[in-house]
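Chemist: Here it is: the structure, laid out below.
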Amino acid sequence: MNGLRRVPLGDVVTRIKRKATSQTRVMTVAADRGLVDQENFFTKKVASKNLTTYYVVERGDLVYNKSSSKDAPFGVVARMTEGEPGVVTPLYICFRADTDFVTPEFLELACNSSTFFASLAGKLREGARSHGLLNVRLEEFFAAQVLLPPLDVQRRIVDLIGALDDNIEASVAELGEGRTLLDATRTAVLSEIPSSGSIAEVLTKAKAGGTPSRSRPDYYGGKVPWLKSGEVAGRSIVETEETITESAIRDSSAWMVPPGAVVIAMYGATAAQVGRTASELATNQAVLALVPDNSAIDGRFLYHWASNASARLKHAATGAAQANLSKEVVLRLLERPLVDIGEQRDVVNILDAIADVESTISRHLAASREFRANLIPALLSGAVEIPESYDELFGLQEAV
């Protein structure tokens, strides 16, 4: 790309150091929502009552939140897009773009790119008591490198990514509508089916798993997928974050859960979340596996039946520090459906048809987000040229 330059961030921005006086609009940076009003994000103001150490930010200003999270392992840079001036915690790094060289919109993209954070490699350190807050010296942050194309190219890149973001936003809305339709249909259909007793009557096994000793590295990294409660979701669970070895299965309470089992998260934020295994795997003790008796209940129907009870299970979870379920509570609340296999499969055909559409939208959304993440550094480096028409946008996917 002609005119592409690599420059230190500090050469094209000014650090914001103005302290609050009368401003009361407290802002916070969220990884998935950008710079937002703190009261709207937390439903209350969590800032200090004394705001005199807070920095004042205005429309177009950028703020770096150094907190590491799953969605933003290196923190996130957010731009103030609307409203009256606000104030942010002095833990953030605040700066303003020199618009002779860079637009604020482009700089937000550039500062959240893998290229930018790669130039900070080795300089982002987590403090001993910082709970995920990364430490970086101001001089190191402003010395980080940004790739700057000419201003007209910056504007086209911003416009292109904006078009892709519109596509992603539309998919998010469509996915939400699909999930609402599935939940409503599932409730309407399954509430008409009589039930009694316990779901245990149509199971061959109901058992939680276990965690092999973490002091034995040889128990981990094997060929057996090992499911944790935070991964319980969807009708077709195959891959897991961690794997364990066959010796770990022998030496712990983990066991091999067959494909087609329904799994329920038992602890914490994901308690009562329901999924279904598509391949053989093991689980930890926070996941209860229900193995269906296929002569009495269709495993796909069991998934929908348990999913429909998720809210009741969540309500039944107890614990001061975190919500906990037990095997006994699950088997007591999940009654046996009084309907034969043929009728169960008729219900599954209705619900799975809606769920299939939802899954297609979800895959499209995941692909679009991955494409966006790969496209930005490719555009910044000039490895991919901006197409003349955005109709060619998805044609770029193979080139990235």
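Every chain in the structure tokens has a letter given in the order shown (A, B, ...), and although residue numbers restart at 1 in each chain, ligands are simply numbered from 1 in the order shown.
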Residues within 9 Å of Glu280 in chain A, please, as a short mmCIF file (atom, residue, chain, number, x, y, z; two decimals) with C-alpha atoms, in the first residue's frame. Count only C-alpha atoms; anything in the same chain fewer than 3 positions from it doesn't count.
Modeler:
```cif
data_model
loop_
_atom_site.label_atom_id
_atom_site.label_comp_id
_atom_site.auth_asym_id
_atom_site.auth_seq_id
_atom_site.Cartn_x
_atom_site.Cartn_y
_atom_site.Cartn_z
CA VAL A 224 -9.79 -37.62 25.71
CA PRO A 225 -11.88 -34.40 25.52
CA VAL A 238 -17.47 -32.22 20.40
CA MET A 256 -16.27 -41.75 29.58
CA VAL A 257 -19.64 -40.20 28.73
CA PRO A 258 -21.13 -41.68 25.55
CA PRO A 259 -22.30 -39.62 22.58
CA GLY A 260 -25.94 -38.59 22.83
CA THR A 277 -22.59 -34.70 23.62
#
```
Chemist: Leaving out Ile16 in chain A and any residue of its chain fewer than 3 positions from it, which residues lie within 9 Å of it when counting only C-alpha atoms, given as a count of residues only?
Modeler: 9
Chemist: Fewer than 6 positions away in the same chain doesn't count, so skip those; otherwise give me all residues within 7 Å of range 289-296 of chain A, counting only C-alpha atoms, as a list in words.
Modeler: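 Listing them by chain and then by number gives Val202, Leu203, Thr204, Lys205, Ala206, Lys207, Ala208, Ala261, Val262, Val263, Ile264 and Ile341 of chain A.
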Chemist: Env of Pro150 in chain A: 12 Å cut, atoms = only C-alpha atoms, seq-sep filter 6 positions within chain, self excluded. Answer as a VMD selection string.
Modeler: chain A and resid 1 to 6 99 to 103 106 156 to 157 380 382
Chemist: Generate the output file for the selected residues, N, CA and C atoms, as a compact mmCIF listing (two decimals), in the first residue's frame.
Modeler:
```
# COMPACT_ATOMS: atom_id res chain seq x y z
N MET A 1 0.86 -1.20 0.00
CA MET A 1 0.00 0.00 0.00
C MET A 1 0.89 1.24 0.00
N ASN A 2 0.69 2.13 -0.95
CA ASN A 2 1.47 3.36 -1.01
C ASN A 2 1.14 4.26 0.17
N GLY A 3 2.19 4.84 0.78
CA GLY A 3 2.00 5.79 1.86
C GLY A 3 1.82 5.17 3.23
N LEU A 4 1.94 3.84 3.34
CA LEU A 4 1.79 3.18 4.63
C LEU A 4 3.01 3.46 5.50
N ARG A 5 2.77 3.91 6.73
CA ARG A 5 3.86 4.21 7.66
C ARG A 5 3.66 3.45 8.97
N ARG A 6 4.75 3.09 9.61
CA ARG A 6 4.74 2.51 10.95
C ARG A 6 5.33 3.55 11.90
N THR A 99 -5.65 14.72 14.37
CA THR A 99 -6.43 14.44 13.15
C THR A 99 -5.73 14.90 11.87
N ASP A 100 -4.57 15.54 11.99
CA ASP A 100 -3.77 15.81 10.79
C ASP A 100 -3.16 14.52 10.24
N PHE A 101 -3.07 13.51 11.11
CA PHE A 101 -2.40 12.26 10.72
C PHE A 101 -3.31 11.03 10.79
N VAL A 102 -4.29 11.06 11.69
CA VAL A 102 -5.09 9.86 11.92
C VAL A 102 -6.49 10.24 12.38
N THR A 103 -7.48 9.52 11.90
CA THR A 103 -8.84 9.75 12.37
C THR A 103 -9.06 8.95 13.66
N PHE A 106 -10.31 5.36 12.93
CA PHE A 106 -9.30 4.43 12.46
C PHE A 106 -8.37 4.04 13.60
N ARG A 156 -11.65 4.79 4.30
CA ARG A 156 -12.25 3.67 3.56
C ARG A 156 -12.21 2.39 4.40
N ILE A 157 -11.13 2.20 5.13
CA ILE A 157 -11.04 1.02 6.01
C ILE A 157 -12.11 1.09 7.09
N LEU A 380 -4.68 -3.23 7.56
CA LEU A 380 -3.71 -2.28 8.10
C LEU A 380 -2.34 -2.45 7.48
N GLY A 382 -1.75 -3.70 4.53
CA GLY A 382 -1.78 -3.62 3.08
C GLY A 382 -1.76 -4.97 2.40
```
Chemist: Step one, run DSSP on the backbone; step two, keep only residues of range 140-375 of chain A assigned to strand (DSSP E); then write them as an mmCIF file with N, CA and C atoms, in the first residue's frame.
Modeler:
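out.cif, freshly written:
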```
data_model
loop_
_atom_site.group_PDB
_atom_site.id
_atom_site.type_symbol
_atom_site.label_atom_id
_atom_site.label_comp_id
_atom_site.auth_asym_id
_atom_site.auth_seq_id
_atom_site.Cartn_x
_atom_site.Cartn_y
_atom_site.Cartn_z
ATOM 1 N N GLN A 145 3.886 0.539 18.297
ATOM 2 C CA GLN A 145 3.823 0.908 16.890
ATOM 3 C C GLN A 145 2.402 0.767 16.318
ATOM 4 N N VAL A 146 2.005 1.762 15.532
ATOM 5 C CA VAL A 146 0.749 1.680 14.783
ATOM 6 C C VAL A 146 1.050 1.836 13.299
ATOM 7 N N LEU A 147 0.275 1.119 12.492
ATOM 8 C CA LEU A 147 0.414 1.225 11.039
ATOM 9 C C LEU A 147 -0.565 2.274 10.532
ATOM 10 N N LEU A 148 -0.038 3.294 9.849
ATOM 11 C CA LEU A 148 -0.866 4.397 9.374
ATOM 12 C C LEU A 148 -0.837 4.509 7.862
ATOM 13 N N SER A 195 -46.405 -35.481 32.651
ATOM 14 C CA SER A 195 -45.198 -36.074 33.214
ATOM 15 C C SER A 195 -45.466 -36.523 34.641
ATOM 16 N N SER A 196 -44.592 -37.399 35.127
ATOM 17 C CA SER A 196 -44.700 -37.839 36.518
ATOM 18 C C SER A 196 -43.386 -38.502 36.913
ATOM 19 N N LEU A 203 -33.365 -43.323 32.328
ATOM 20 C CA LEU A 203 -31.923 -43.152 32.152
ATOM 21 C C LEU A 203 -31.201 -44.447 32.487
ATOM 22 N N THR A 204 -30.061 -44.666 31.843
ATOM 23 C CA THR A 204 -29.201 -45.788 32.233
ATOM 24 C C THR A 204 -28.133 -45.353 33.217
ATOM 25 N N LYS A 205 -27.864 -44.060 33.251
ATOM 26 C CA LYS A 205 -26.878 -43.550 34.204
ATOM 27 C C LYS A 205 -27.069 -42.046 34.370
ATOM 28 N N ALA A 206 -26.855 -41.561 35.596
ATOM 29 C CA ALA A 206 -26.822 -40.127 35.891
ATOM 30 C C ALA A 206 -25.639 -39.912 36.824
ATOM 31 N N LYS A 207 -24.594 -39.284 36.310
ATOM 32 C CA LYS A 207 -23.359 -39.226 37.093
ATOM 33 C C LYS A 207 -22.523 -38.021 36.686
ATOM 34 N N ALA A 208 -21.933 -37.367 37.685
ATOM 35 C CA ALA A 208 -20.980 -36.284 37.425
ATOM 36 C C ALA A 208 -19.601 -36.881 37.191
ATOM 37 N N TYR A 220 -2.756 -34.757 31.674
ATOM 38 C CA TYR A 220 -3.349 -33.750 30.801
ATOM 39 C C TYR A 220 -2.671 -33.733 29.430
ATOM 40 N N GLY A 221 -3.459 -33.275 28.425
ATOM 41 C CA GLY A 221 -2.927 -33.184 27.073
ATOM 42 C C GLY A 221 -3.053 -34.468 26.282
ATOM 43 N N GLY A 222 -3.898 -35.374 26.742
ATOM 44 C CA GLY A 222 -4.095 -36.629 26.025
ATOM 45 C C GLY A 222 -5.128 -36.513 24.918
ATOM 46 N N LYS A 223 -5.766 -37.622 24.601
ATOM 47 C CA LYS A 223 -6.701 -37.654 23.476
ATOM 48 C C LYS A 223 -8.163 -37.610 23.910
ATOM 49 N N VAL A 224 -8.419 -37.587 25.215
ATOM 50 C CA VAL A 224 -9.793 -37.620 25.710
ATOM 51 C C VAL A 224 -10.302 -36.199 25.956
ATOM 52 N N PRO A 225 -11.316 -35.727 25.236
ATOM 53 C CA PRO A 225 -11.875 -34.405 25.517
ATOM 54 C C PRO A 225 -12.416 -34.370 26.948
ATOM 55 N N TRP A 226 -12.182 -33.254 27.646
ATOM 56 C CA TRP A 226 -12.583 -33.144 29.066
ATOM 57 C C TRP A 226 -13.410 -31.876 29.229
ATOM 58 N N LEU A 227 -14.704 -32.052 29.434
ATOM 59 C CA LEU A 227 -15.679 -30.965 29.436
ATOM 60 C C LEU A 227 -15.823 -30.345 30.819
ATOM 61 N N GLY A 234 -25.400 -26.158 23.793
ATOM 62 C CA GLY A 234 -25.660 -26.620 22.440
ATOM 63 C C GLY A 234 -25.974 -28.097 22.323
ATOM 64 N N ARG A 235 -26.471 -28.449 21.133
ATOM 65 C CA ARG A 235 -26.930 -29.819 20.872
ATOM 66 C C ARG A 235 -25.823 -30.745 20.408
ATOM 67 N N SER A 236 -24.620 -30.220 20.194
ATOM 68 C CA SER A 236 -23.583 -31.040 19.561
ATOM 69 C C SER A 236 -22.198 -30.678 20.108
ATOM 70 N N ILE A 237 -21.924 -31.104 21.343
ATOM 71 C CA ILE A 237 -20.636 -30.803 21.974
ATOM 72 C C ILE A 237 -19.601 -31.828 21.521
ATOM 73 N N GLU A 242 -9.713 -28.416 27.202
ATOM 74 C CA GLU A 242 -8.652 -29.274 27.707
ATOM 75 C C GLU A 242 -8.927 -30.733 27.355
ATOM 76 N N THR A 243 -7.856 -31.488 27.329
ATOM 77 C CA THR A 243 -7.969 -32.930 27.128
ATOM 78 C C THR A 243 -7.198 -33.642 28.238
ATOM 79 N N ILE A 244 -7.572 -34.887 28.484
ATOM 80 C CA ILE A 244 -6.876 -35.683 29.494
ATOM 81 C C ILE A 244 -6.486 -37.027 28.884
ATOM 82 N N VAL A 262 -27.082 -36.153 27.654
ATOM 83 C CA VAL A 262 -27.400 -34.766 27.984
ATOM 84 C C VAL A 262 -26.560 -34.368 29.193
ATOM 85 N N VAL A 263 -25.906 -33.220 29.104
ATOM 86 C CA VAL A 263 -25.037 -32.763 30.194
ATOM 87 C C VAL A 263 -25.597 -31.459 30.765
ATOM 88 N N ILE A 264 -25.501 -31.329 32.082
ATOM 89 C CA ILE A 264 -26.032 -30.158 32.779
ATOM 90 C C ILE A 264 -24.942 -29.580 33.668
ATOM 91 N N ALA A 265 -24.676 -28.275 33.519
ATOM 92 C CA ALA A 265 -23.706 -27.596 34.364
ATOM 93 C C ALA A 265 -24.280 -27.462 35.770
ATOM 94 N N VAL A 274 -27.638 -26.392 29.696
ATOM 95 C CA VAL A 274 -27.823 -27.753 29.189
ATOM 96 C C VAL A 274 -27.131 -27.918 27.839
ATOM 97 N N GLY A 275 -26.546 -29.088 27.609
ATOM 98 C CA GLY A 275 -25.929 -29.410 26.323
ATOM 99 C C GLY A 275 -26.106 -30.890 26.024
ATOM 100 N N ARG A 276 -25.599 -31.297 24.876
ATOM 101 C CA ARG A 276 -25.694 -32.711 24.483
ATOM 102 C C ARG A 276 -24.398 -33.116 23.790
ATOM 103 N N THR A 277 -23.856 -34.247 24.176
ATOM 104 C CA THR A 277 -22.585 -34.698 23.616
ATOM 105 C C THR A 277 -22.789 -35.299 22.230
ATOM 106 N N ALA A 282 -15.075 -36.982 28.496
ATOM 107 C CA ALA A 282 -15.147 -37.015 29.955
ATOM 108 C C ALA A 282 -15.564 -35.622 30.446
ATOM 109 N N THR A 283 -15.981 -35.551 31.706
ATOM 110 C CA THR A 283 -16.371 -34.264 32.276
ATOM 111 C C THR A 283 -15.732 -34.098 33.647
ATOM 112 N N VAL A 287 -20.140 -31.106 36.107
ATOM 113 C CA VAL A 287 -21.031 -31.452 34.988
ATOM 114 C C VAL A 287 -21.704 -32.795 35.270
ATOM 115 N N LEU A 288 -23.033 -32.793 35.256
ATOM 116 C CA LEU A 288 -23.802 -34.023 35.436
ATOM 117 C C LEU A 288 -24.213 -34.544 34.063
ATOM 118 N N ALA A 289 -23.913 -35.809 33.801
ATOM 119 C CA ALA A 289 -24.290 -36.426 32.529
ATOM 120 C C ALA A 289 -25.492 -37.342 32.741
ATOM 121 N N LEU A 290 -26.495 -37.172 31.877
ATOM 122 C CA LEU A 290 -27.682 -38.024 31.887
ATOM 123 C C LEU A 290 -27.649 -38.884 30.631
ATOM 124 N N VAL A 291 -27.489 -40.188 30.807
ATOM 125 C CA VAL A 291 -27.402 -41.102 29.666
ATOM 126 C C VAL A 291 -28.779 -41.728 29.447
ATOM 127 N N PRO A 292 -29.406 -41.473 28.310
ATOM 128 C CA PRO A 292 -30.778 -41.952 28.100
ATOM 129 C C PRO A 292 -30.856 -43.450 27.811
ATOM 130 N N ARG A 336 -40.408 -37.573 34.450
ATOM 131 C CA ARG A 336 -40.425 -38.419 33.259
ATOM 132 C C ARG A 336 -41.565 -37.989 32.341
ATOM 133 N N PRO A 337 -41.291 -37.705 31.063
ATOM 134 C CA PRO A 337 -42.376 -37.354 30.129
ATOM 135 C C PRO A 337 -43.203 -38.594 29.788
#
```
Chemist: Find the residue from A:Arg33, A:Ala233, A:Gln285, A:Pro377 that sits nearest to Phe116 in chain A; use only C-alpha atoms when measuring.
Modeler: A:Pro377
Chemist: List the neighbours of Arg137 in chain A out to 10 Å using only C-alpha atoms; skip same-chain residues closer than 3 positions along the sequence, and give me the result as number ranges by chain.
Modeler: A: 123-125, 140-143
Chemist: Hey, can you spit out that residue selection with C-alpha atoms as a PDB file, in the first residue's frame?
Modeler:
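Below you can see result23.pdb, which holds the result:
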```
ATOM      1  CA  LYS A 123       5.614  -5.038  28.122  1.00  0.00           C
ATOM      2  CA  LEU A 124       2.116  -5.954  29.366  1.00  0.00           C
ATOM      3  CA  ARG A 125       2.580  -7.493  32.809  1.00  0.00           C
ATOM      4  CA  GLU A 140       6.061   1.862  26.687  1.00  0.00           C
ATOM      5  CA  PHE A 141       2.408   2.214  25.715  1.00  0.00           C
ATOM      6  CA  PHE A 142       2.968   5.369  23.685  1.00  0.00           C
ATOM      7  CA  ALA A 143       6.055   3.834  22.067  1.00  0.00           C
TER       8      ALA A 143
END
```
Chemist: Return the single residue from A:Asp98, A:Phe41, A:Ala144, A:Ser67 that is closest to Ser113 in chain A, with distances computed using only C-alpha atoms.
Modeler: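 Under the stated criterion, the closest residue is A:Ala144.
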Chemist: Assign secondary structure with DSSP using the backbone only, and return the residues of range 32-225 of chain A in helix (DSSP H, G or I) as a count of residues only.
Modeler: 71
Chemist: What are the closest atom pairs, with distances in Å to one decimal, for each residue of range 301-398 of chain A lying within 10 Å of range 177-191 of chain A, using only C-alpha atoms, rows by chain and rising residue number, as a tab-separated table?
Modeler:
```
residue	atom	partner	partner_atom	distance
A:Phe301	CA	A:Leu190	CA	9.9
A:His304	CA	A:Arg186	CA	7.3
A:Trp305	CA	A:Leu190	CA	7.2
A:Ser307	CA	A:Arg186	CA	8.8
A:Asn308	CA	A:Thr187	CA	6.3
A:Ala309	CA	A:Thr187	CA	9.1
A:Pro337	CA	A:Leu190	CA	9.0
A:Gln344	CA	A:Leu190	CA	9.8
A:Val347	CA	A:Val189	CA	7.5
A:Val348	CA	A:Arg186	CA	9.6
A:Ile350	CA	A:Thr185	CA	8.8
A:Leu351	CA	A:Arg186	CA	6.6
A:Asp352	CA	A:Leu182	CA	8.9
A:Ala353	CA	A:Leu182	CA	9.4
A:Ile354	CA	A:Leu182	CA	6.1
A:Ala355	CA	A:Leu182	CA	6.6
A:Asp356	CA	A:Gly178	CA	9.8
A:Val357	CA	A:Gly178	CA	7.5
A:Glu358	CA	A:Gly178	CA	5.5
A:Ser359	CA	A:Gly178	CA	9.2
A:Ile361	CA	A:Gly178	CA	8.6
A:Ser362	CA	A:Gly178	CA	9.8
```
Chemist: Output C-alpha atoms of each residue in that selection to a file, as a tab-separated table (two decimals), in the first residue's frame.
Modeler:
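Once written, result-v5.tsv looks like this:
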```
chain	number	residue	atom	x	y	z
A	301	PHE	CA	-36.00	-35.14	23.11
A	304	HIS	CA	-35.10	-30.25	24.74
A	305	TRP	CA	-36.95	-31.53	27.83
A	307	SER	CA	-33.48	-27.28	28.30
A	308	ASN	CA	-37.10	-26.36	28.90
A	309	ALA	CA	-36.55	-26.96	32.64
A	337	PRO	CA	-42.38	-37.35	30.13
A	344	GLN	CA	-41.11	-37.66	21.09
A	347	VAL	CA	-41.68	-33.06	18.74
A	348	VAL	CA	-37.93	-33.24	18.07
A	350	ILE	CA	-40.39	-29.48	15.06
A	351	LEU	CA	-37.89	-28.13	17.58
A	352	ASP	CA	-34.77	-29.21	15.72
A	353	ALA	CA	-35.97	-27.49	12.55
A	354	ILE	CA	-36.00	-24.18	14.44
A	355	ALA	CA	-32.75	-25.00	16.24
A	356	ASP	CA	-31.05	-25.80	12.91
A	357	VAL	CA	-31.83	-22.31	11.63
A	358	GLU	CA	-30.47	-20.85	14.87
A	359	SER	CA	-27.30	-22.92	14.50
A	361	ILE	CA	-27.08	-18.09	12.04
A	362	SER	CA	-24.72	-18.74	14.95
```
Chemist: Grab the CA of Gly60 in chain A to CA of Arg18 in chain A distance for me, in Å with one decimal place.
Modeler: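 If I compute the distance from CA of Gly60 in chain A to CA of Arg18 in chain A, I get 15.2 Å.
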Chemist: Compare A:Ser171, A:Thr240, A:Asn135, A:Asn324 by their minimum atom-to-atom distance to Ser368 in chain A, counting only C-alpha atoms, and give me the closest one.
Modeler: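 Smallest separation from Ser368 in chain A among the options: A:Ser171.
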Chemist: Neighbouring residues of Met266 in chain A were defined as those with any atom within 10 Å, considering only C-alpha atoms; residues of the same chain fewer than 4 positions away were excluded. Please report them as a VMD selection string.
Modeler: chain A and resid 208 229 to 230 232 270 to 274 285 to 288 313 to 314 317 323 to 327 330
Chemist: Could you save those same residues with C-alpha atoms as a PDB file, in the first residue's frame?
Modeler:
```pdb
ATOM      1  CA  ALA A 208     -20.980 -36.284  37.425  1.00  0.00           C
ATOM      2  CA  SER A 229     -19.190 -26.538  33.207  1.00  0.00           C
ATOM      3  CA  GLY A 230     -18.449 -23.309  31.347  1.00  0.00           C
ATOM      4  CA  VAL A 232     -21.829 -26.834  28.463  1.00  0.00           C
ATOM      5  CA  THR A 270     -23.444 -21.466  34.087  1.00  0.00           C
ATOM      6  CA  ALA A 271     -25.387 -23.635  36.568  1.00  0.00           C
ATOM      7  CA  ALA A 272     -28.438 -25.245  34.883  1.00  0.00           C
ATOM      8  CA  GLN A 273     -27.054 -24.723  31.383  1.00  0.00           C
ATOM      9  CA  VAL A 274     -27.823 -27.753  29.189  1.00  0.00           C
ATOM     10  CA  GLN A 285     -17.316 -32.877  38.758  1.00  0.00           C
ATOM     11  CA  ALA A 286     -19.276 -29.712  37.902  1.00  0.00           C
ATOM     12  CA  VAL A 287     -21.031 -31.452  34.988  1.00  0.00           C
ATOM     13  CA  LEU A 288     -23.802 -34.023  35.436  1.00  0.00           C
ATOM     14  CA  LEU A 313     -33.184 -25.751  37.737  1.00  0.00           C
ATOM     15  CA  LYS A 314     -31.438 -22.381  37.943  1.00  0.00           C
ATOM     16  CA  ALA A 317     -29.619 -23.783  42.665  1.00  0.00           C
ATOM     17  CA  ALA A 323     -25.181 -21.167  42.570  1.00  0.00           C
ATOM     18  CA  ASN A 324     -24.888 -24.936  42.995  1.00  0.00           C
ATOM     19  CA  LEU A 325     -27.075 -27.797  41.796  1.00  0.00           C
ATOM     20  CA  SER A 326     -26.954 -31.400  42.925  1.00  0.00           C
ATOM     21  CA  LYS A 327     -27.740 -34.639  41.139  1.00  0.00           C
ATOM     22  CA  VAL A 330     -31.926 -32.359  39.032  1.00  0.00           C
TER      23      VAL A 330
END
```
